[in-house]
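Inspection log for the structure reproduced underneath, given as structure tokens.
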Amino acid sequence: MAQDSADRPTLVNLQDVHLSFGAVEVLKGIDLTVAKGDAVSIIGPSGSGKSTILRCINGLAQPQAGRITVAGVRVDALRSEAERIALRKRIGVVFQQYNLFPHLTVLQNITLAPVRILKVPRAEAEGHARDLLARVRLADKVSAYPGELSGGQQQRVAIARALAMRPELVLFDEVTSALDPEMVGEVLAVIRALVREGLTSILVTHEMRFAEEISDTIAFTENGRIVAQAPPAELFYKSGNPRIRQFIGGFQ
Ligand code: ADP
Ligand code: MG
């Protein structure tokens, strides 16, 4: 959690974002702000639009109305695939499914994109990858293949792979939801450390205690709207909204 988010520049801003799939409106006017260095969690019922918000932020989904600014780029105004690819290089994404390449070692999985896409010299990319593996506590797995790792270890490699692109922002979409319970803690510990170091992050999560602990603000989504975005203590304990209290209470 960062200090004094009010003093730091805004990295992500959504204003009145509307998105429909066919006749179904799934985002009904989303407003969201993330300051540089902040961790913002998005919580809310399944199907309420959380993943779609993340997809709008990295240009994978195209809203019909509203403004999205990420690191000075008007994402809603991008018109070419090349512009969207350029945006995506600057935003790391970690999903529930880690999707590592099974035929590549851990080191190769992490260096692939920096070498191929950013044209980082191989030796430099490998040095960075080793540093990142130490940060996700997998320094001894450099030469392992994904199939030799547990789910929690594979997810930590996926986090290192996202960081290898030196992203300005990382989106985490329910990254512990597919893990066996005993592996959730090790992945959350890695994310907690990254957030404390000042990584700007947006996290969709059902881990309420974790969200409360690490977030600068938490946004609650319901039915395509962000009902509230507030510091954890305010949202968890002072919200007058019965739906929010009921939702959070269901996880305690
Ligand atoms: P959440 O992540 O909160 O569970 P999503 O953002 O995935 O919710 O989905 C919000 C709504 O949009 C859901 O009703 C879902 O069925 C619908 N939806 C998401 N993606 C698509 C798509 N590509 N086409 C049609 N409907 C979609
Ligand atoms: Mg989702």
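Every chain in the structure tokens has a letter given in the order shown (A, B, ...), and although residue numbers restart at 1 in each chain, ligands are simply numbered from 1 in the order shown.
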Practice item. Any chance you could list, as a PyMOL selection string, the residues in range 30-230 of chain A that come up strand (DSSP E or B) when DSSP is run on the backbone? Key: chain A and resi 30-35+39-43+65-70+73-74+91-94+169-173+201-204+217-222+225-230
Counting only C-alpha atoms and all ligand atoms, what are the residues of chain A within 10 Å of ligand 2, and for each of them which pair of atoms is the nearest and at what distance in Å, to one decimal? Sort the table by chain and rising number, as JSON lines.
{"residue": "A:Ile43", "atom": "CA", "partner": "ligand 2", "partner_atom_place_in_ligand_line": "1 (Mg)", "distance": 9.9}
{"residue": "A:Gly44", "atom": "CA", "partner": "ligand 2", "partner_atom_place_in_ligand_line": "1 (Mg)", "distance": 9.7}
{"residue": "A:Pro45", "atom": "CA", "partner": "ligand 2", "partner_atom_place_in_ligand_line": "1 (Mg)", "distance": 9.3}
{"residue": "A:Ser46", "atom": "CA", "partner": "ligand 2", "partner_atom_place_in_ligand_line": "1 (Mg)", "distance": 6.7}
{"residue": "A:Gly47", "atom": "CA", "partner": "ligand 2", "partner_atom_place_in_ligand_line": "1 (Mg)", "distance": 6.8}
{"residue": "A:Ser48", "atom": "CA", "partner": "ligand 2", "partner_atom_place_in_ligand_line": "1 (Mg)", "distance": 8.2}
{"residue": "A:Gly49", "atom": "CA", "partner": "ligand 2", "partner_atom_place_in_ligand_line": "1 (Mg)", "distance": 7.0}
{"residue": "A:Lys50", "atom": "CA", "partner": "ligand 2", "partner_atom_place_in_ligand_line": "1 (Mg)", "distance": 5.4}
{"residue": "A:Ser51", "atom": "CA", "partner": "ligand 2", "partner_atom_place_in_ligand_line": "1 (Mg)", "distance": 4.0}
{"residue": "A:Thr52", "atom": "CA", "partner": "ligand 2", "partner_atom_place_in_ligand_line": "1 (Mg)", "distance": 7.2}
{"residue": "A:Ile53", "atom": "CA", "partner": "ligand 2", "partner_atom_place_in_ligand_line": "1 (Mg)", "distance": 9.2}
{"residue": "A:Leu54", "atom": "CA", "partner": "ligand 2", "partner_atom_place_in_ligand_line": "1 (Mg)", "distance": 8.9}
{"residue": "A:Arg55", "atom": "CA", "partner": "ligand 2", "partner_atom_place_in_ligand_line": "1 (Mg)", "distance": 9.9}
{"residue": "A:Phe95", "atom": "CA", "partner": "ligand 2", "partner_atom_place_in_ligand_line": "1 (Mg)", "distance": 9.4}
{"residue": "A:Gln96", "atom": "CA", "partner": "ligand 2", "partner_atom_place_in_ligand_line": "1 (Mg)", "distance": 9.2}
{"residue": "A:Asp173", "atom": "CA", "partner": "ligand 2", "partner_atom_place_in_ligand_line": "1 (Mg)", "distance": 6.7}
{"residue": "A:Glu174", "atom": "CA", "partner": "ligand 2", "partner_atom_place_in_ligand_line": "1 (Mg)", "distance": 7.1}
{"residue": "A:Val204", "atom": "CA", "partner": "ligand 2", "partner_atom_place_in_ligand_line": "1 (Mg)", "distance": 7.5}
{"residue": "A:Thr205", "atom": "CA", "partner": "ligand 2", "partner_atom_place_in_ligand_line": "1 (Mg)", "distance": 9.0}
Keeping N, CA and C atoms, export the residues of the selection given above as a JSON list (two decimals), in the first residue's frame.
[["chain", "number", "residue", "atom", "x", "y", "z"],
["A", 43, "ILE", "N", -13.79, -5.74, -6.24],
["A", 43, "ILE", "CA", -14.52, -6.89, -5.71],
["A", 43, "ILE", "C", -15.98, -6.75, -6.15],
["A", 44, "GLY", "N", -16.70, -7.85, -6.09],
["A", 44, "GLY", "CA", -18.11, -7.81, -6.46],
["A", 44, "GLY", "C", -18.56, -9.16, -7.00],
["A", 45, "PRO", "N", -19.87, -9.34, -7.14],
["A", 45, "PRO", "CA", -20.41, -10.64, -7.55],
["A", 45, "PRO", "C", -19.92, -11.06, -8.93],
["A", 46, "SER", "N", -19.95, -12.37, -9.17],
["A", 46, "SER", "CA", -19.62, -12.93, -10.47],
["A", 46, "SER", "C", -20.56, -12.35, -11.53],
["A", 47, "GLY", "N", -20.00, -11.99, -12.68],
["A", 47, "GLY", "CA", -20.80, -11.46, -13.77],
["A", 47, "GLY", "C", -21.08, -9.97, -13.67],
["A", 48, "SER", "N", -20.49, -9.30, -12.66],
["A", 48, "SER", "CA", -20.81, -7.87, -12.47],
["A", 48, "SER", "C", -19.95, -6.95, -13.33],
["A", 49, "GLY", "N", -18.98, -7.51, -14.07],
["A", 49, "GLY", "CA", -18.22, -6.71, -15.02],
["A", 49, "GLY", "C", -16.76, -6.49, -14.68],
["A", 50, "LYS", "N", -16.25, -7.17, -13.65],
["A", 50, "LYS", "CA", -14.87, -6.93, -13.19],
["A", 50, "LYS", "C", -13.84, -7.22, -14.28],
["A", 51, "SER", "N", -13.92, -8.40, -14.88],
["A", 51, "SER", "CA", -12.93, -8.75, -15.92],
["A", 51, "SER", "C", -13.08, -7.84, -17.14],
["A", 52, "THR", "N", -14.30, -7.47, -17.45],
["A", 52, "THR", "CA", -14.51, -6.59, -18.60],
["A", 52, "THR", "C", -13.87, -5.22, -18.36],
["A", 53, "ILE", "N", -13.90, -4.74, -17.13],
["A", 53, "ILE", "CA", -13.23, -3.47, -16.81],
["A", 53, "ILE", "C", -11.73, -3.61, -17.10],
["A", 54, "LEU", "N", -11.12, -4.72, -16.65],
["A", 54, "LEU", "CA", -9.69, -4.92, -16.91],
["A", 54, "LEU", "C", -9.42, -4.99, -18.41],
["A", 55, "ARG", "N", -10.31, -5.66, -19.14],
["A", 55, "ARG", "CA", -10.11, -5.78, -20.59],
["A", 55, "ARG", "C", -10.22, -4.42, -21.28],
["A", 95, "PHE", "N", -3.58, -13.82, -15.18],
["A", 95, "PHE", "CA", -4.93, -14.39, -15.14],
["A", 95, "PHE", "C", -5.00, -15.56, -14.16],
["A", 96, "GLN", "N", -6.22, -16.05, -13.99],
["A", 96, "GLN", "CA", -6.44, -17.25, -13.20],
["A", 96, "GLN", "C", -5.66, -18.43, -13.78],
["A", 173, "ASP", "N", -6.19, -10.77, -12.44],
["A", 173, "ASP", "CA", -7.61, -11.16, -12.50],
["A", 173, "ASP", "C", -7.82, -12.51, -11.82],
["A", 174, "GLU", "N", -8.23, -12.48, -10.57],
["A", 174, "GLU", "CA", -8.53, -13.70, -9.79],
["A", 174, "GLU", "C", -7.39, -14.71, -9.88],
["A", 204, "VAL", "N", -8.50, -7.90, -9.32],
["A", 204, "VAL", "CA", -9.81, -8.49, -9.12],
["A", 204, "VAL", "C", -9.60, -9.69, -8.21],
["A", 205, "THR", "N", -10.28, -9.70, -7.08],
["A", 205, "THR", "CA", -10.02, -10.79, -6.13],
["A", 205, "THR", "C", -11.24, -11.08, -5.26]]
Check your understanding: Hey, what does DSSP flag as helix (DSSP H, G or I) within range 96-198 of chain A? Can you give it to me as a PyMOL selection string?
Key -> chain A and resi 106-116+122-135+139-141+146-148+151-163+181-196
Could the residues in this selection be saved with C-alpha atoms as a CSV table (one decimal), in the first residue's frame?
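What follows is the written file result32.csv:
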chain,number,residue,atom,x,y,z
A,106,VAL,CA,10.9,-21.2,-16.5
A,107,LEU,CA,13.8,-19.0,-17.7
A,108,GLN,CA,12.7,-19.3,-21.3
A,109,ASN,CA,9.1,-18.5,-20.5
A,110,ILE,CA,10.1,-15.3,-18.7
A,111,THR,CA,12.7,-14.1,-21.3
A,112,LEU,CA,10.6,-14.9,-24.4
A,113,ALA,CA,8.6,-11.6,-24.7
A,114,PRO,CA,11.4,-9.2,-23.6
A,115,VAL,CA,13.8,-10.7,-26.2
A,116,ARG,CA,11.2,-11.1,-29.0
A,122,ARG,CA,19.4,-12.2,-24.2
A,123,ALA,CA,22.0,-11.9,-21.5
A,124,GLU,CA,20.3,-8.8,-20.0
A,125,ALA,CA,16.9,-10.5,-20.2
A,126,GLU,CA,18.2,-13.6,-18.5
A,127,GLY,CA,19.8,-11.5,-15.7
A,128,HIS,CA,16.5,-9.7,-15.2
A,129,ALA,CA,14.6,-13.0,-15.2
A,130,ARG,CA,16.9,-14.4,-12.5
A,131,ASP,CA,16.3,-11.3,-10.4
A,132,LEU,CA,12.6,-11.6,-10.8
A,133,LEU,CA,12.6,-15.3,-10.0
A,134,ALA,CA,14.4,-14.5,-6.7
A,135,ARG,CA,11.6,-11.9,-6.0
A,139,ALA,CA,15.5,-18.8,-7.8
A,140,ASP,CA,16.1,-22.5,-7.8
A,141,LYS,CA,13.5,-23.2,-10.6
A,146,PRO,CA,6.1,-25.8,-15.9
A,147,GLY,CA,4.9,-29.4,-15.6
A,148,GLU,CA,7.4,-30.0,-12.8
A,151,GLY,CA,0.1,-24.5,-9.4
A,152,GLY,CA,1.3,-21.9,-7.0
A,153,GLN,CA,4.8,-22.0,-8.4
A,154,GLN,CA,3.5,-21.8,-11.9
A,155,GLN,CA,1.4,-18.7,-11.0
A,156,ARG,CA,4.5,-17.1,-9.5
A,157,VAL,CA,6.4,-17.7,-12.7
A,158,ALA,CA,3.5,-16.1,-14.6
A,159,ILE,CA,3.8,-13.0,-12.3
A,160,ALA,CA,7.6,-12.9,-13.0
A,161,ARG,CA,6.8,-13.2,-16.7
A,162,ALA,CA,4.5,-10.2,-16.5
A,163,LEU,CA,7.1,-8.2,-14.6
A,181,PRO,CA,-6.0,-23.6,-0.8
A,182,GLU,CA,-2.5,-24.3,0.5
A,183,MET,CA,-0.9,-22.5,-2.5
A,184,VAL,CA,-3.0,-19.3,-2.2
A,185,GLY,CA,-0.8,-17.8,0.5
A,186,GLU,CA,2.5,-18.0,-1.3
A,187,VAL,CA,1.1,-16.2,-4.3
A,188,LEU,CA,-0.6,-13.5,-2.2
A,189,ALA,CA,2.7,-13.1,-0.3
A,190,VAL,CA,4.5,-12.3,-3.6
A,191,ILE,CA,1.8,-9.8,-4.7
A,192,ARG,CA,1.9,-8.2,-1.3
A,193,ALA,CA,5.7,-7.6,-1.6
A,194,LEU,CA,5.3,-6.2,-5.1
A,195,VAL,CA,2.6,-3.8,-3.9
A,196,ARG,CA,4.7,-2.7,-1.0
Review point. Near Thr33 in chain A, counting only C-alpha atoms, which residues have an atom at most 7 Å away, once you skip same-chain residues fewer than 4 positions from it, shown as a list of chain:residue names?
Key: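 What passes the distance filter is A:Thr10, A:Val12, A:Asn13, A:Leu14.
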Can those selected residues be exported to a file as a PDB file, in the first residue's frame so that it contains N, CA and C atoms?
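Below you can see selection-v9.pdb, which holds the result:
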ATOM      1  N   THR A  10      -2.288  10.524 -11.460  1.00  0.00           N
ATOM      2  CA  THR A  10      -3.215   9.462 -11.839  1.00  0.00           C
ATOM      3  C   THR A  10      -2.612   8.657 -12.976  1.00  0.00           C
ATOM      4  N   VAL A  12      -4.339   5.614 -14.106  1.00  0.00           N
ATOM      5  CA  VAL A  12      -5.489   5.030 -14.817  1.00  0.00           C
ATOM      6  C   VAL A  12      -6.731   5.812 -14.445  1.00  0.00           C
ATOM      7  N   ASN A  13      -7.503   6.190 -15.454  1.00  0.00           N
ATOM      8  CA  ASN A  13      -8.751   6.892 -15.181  1.00  0.00           C
ATOM      9  C   ASN A  13      -9.830   6.453 -16.174  1.00  0.00           C
ATOM     10  N   LEU A  14     -10.931   5.988 -15.622  1.00  0.00           N
ATOM     11  CA  LEU A  14     -12.095   5.657 -16.453  1.00  0.00           C
ATOM     12  C   LEU A  14     -13.216   6.615 -16.096  1.00  0.00           C
TER      13      LEU A  14
END
Exercise for review: May I have the residues within 12 Å of Leu60 in chain A as a PyMOL selection string, using only C-alpha atoms and disregarding those fewer than 4 positions away in the same chain?
Suggested key: chain A and resi 51-56+75-76+78+81+83-85+87-88+91+93
Exercise for review: Counting only C-alpha atoms and all ligand atoms, figure out which residue out of A:Lys36, A:His206, A:Arg245, A:Arg8 gets nearest to ligand 1.
Suggested key: A:His206
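In this model, the gap between CA of Arg67 in chain A and CA of Gln15 in chain A comes to 5.1 Å.
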Check your understanding: What gap, in Å, lies between CA of Asn99 in chain A and CA of Thr221 in chain A?
Key ->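 One can read the CA of Asn99 in chain A to CA of Thr221 in chain A distance as 27.0 Å.
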**Study point:** Spatial neighbours of Phe251 in chain A, max dist 9 Å, only C-alpha atoms, sep filter under 5 positions, as an MDAnalysis selection string
**Key:** chainID A and resid 206:209
Practice item. Determine, counting only C-alpha atoms, which protein, DNA and RNA residues have an atom within 8 Å of an atom of Ile226 in chain A; residues of the same chain fewer than 4 positions away are not included. Present the result as a PyMOL selection string. Key: chain A and resi 30-32+219-222
Review point. Between A:Leu104, A:Leu118, A:Leu138, A:Leu27, which one has atoms that come closest to ligand 1, using only C-alpha atoms and all ligand atoms?
Key: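 The shortest atom-to-atom distance to ligand 1 comes from A:Leu27.
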**Study point:** Atomic separation - CA of Pro167 in chain A relative to CA of Gln62 in chain A, Å
**Key:**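 Result for CA of Gln62 in chain A versus CA of Pro167 in chain A: 21.3 Å, one decimal.
Minimum atom-to-atom distances from A:Ala35, A:Gln229, A:Gly224, A:Pro9 to ligand 1 were compared using only C-alpha atoms and all ligand atoms, and the lowest value belongs to A:Gly224.
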Do a neighbour search on range 64-66 of chain A at 6 Å with only C-alpha atoms, toss out local chain neighbours closer than 5 positions, and write the hits as a PDB file with C-alpha atoms, in the first residue's frame.
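The resulting file, part.pdb, is reproduced below:
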ATOM      1  CA  GLN A  15     -14.960   8.068 -16.885  1.00  0.00           C
ATOM      2  CA  ASP A  16     -18.506   6.974 -17.609  1.00  0.00           C
ATOM      3  CA  VAL A  17     -17.446   3.871 -19.552  1.00  0.00           C
ATOM      4  CA  HIS A  18     -20.280   1.992 -21.222  1.00  0.00           C
ATOM      5  CA  LEU A  19     -19.865  -1.334 -22.954  1.00  0.00           C
TER       6      LEU A  19
END
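Each of A:Leu203, A:Met165, A:Ile68, A:Ala77 was checked against ligand 1 using only C-alpha atoms and all ligand atoms; the smallest atom-to-atom distance is that of A:Leu203.
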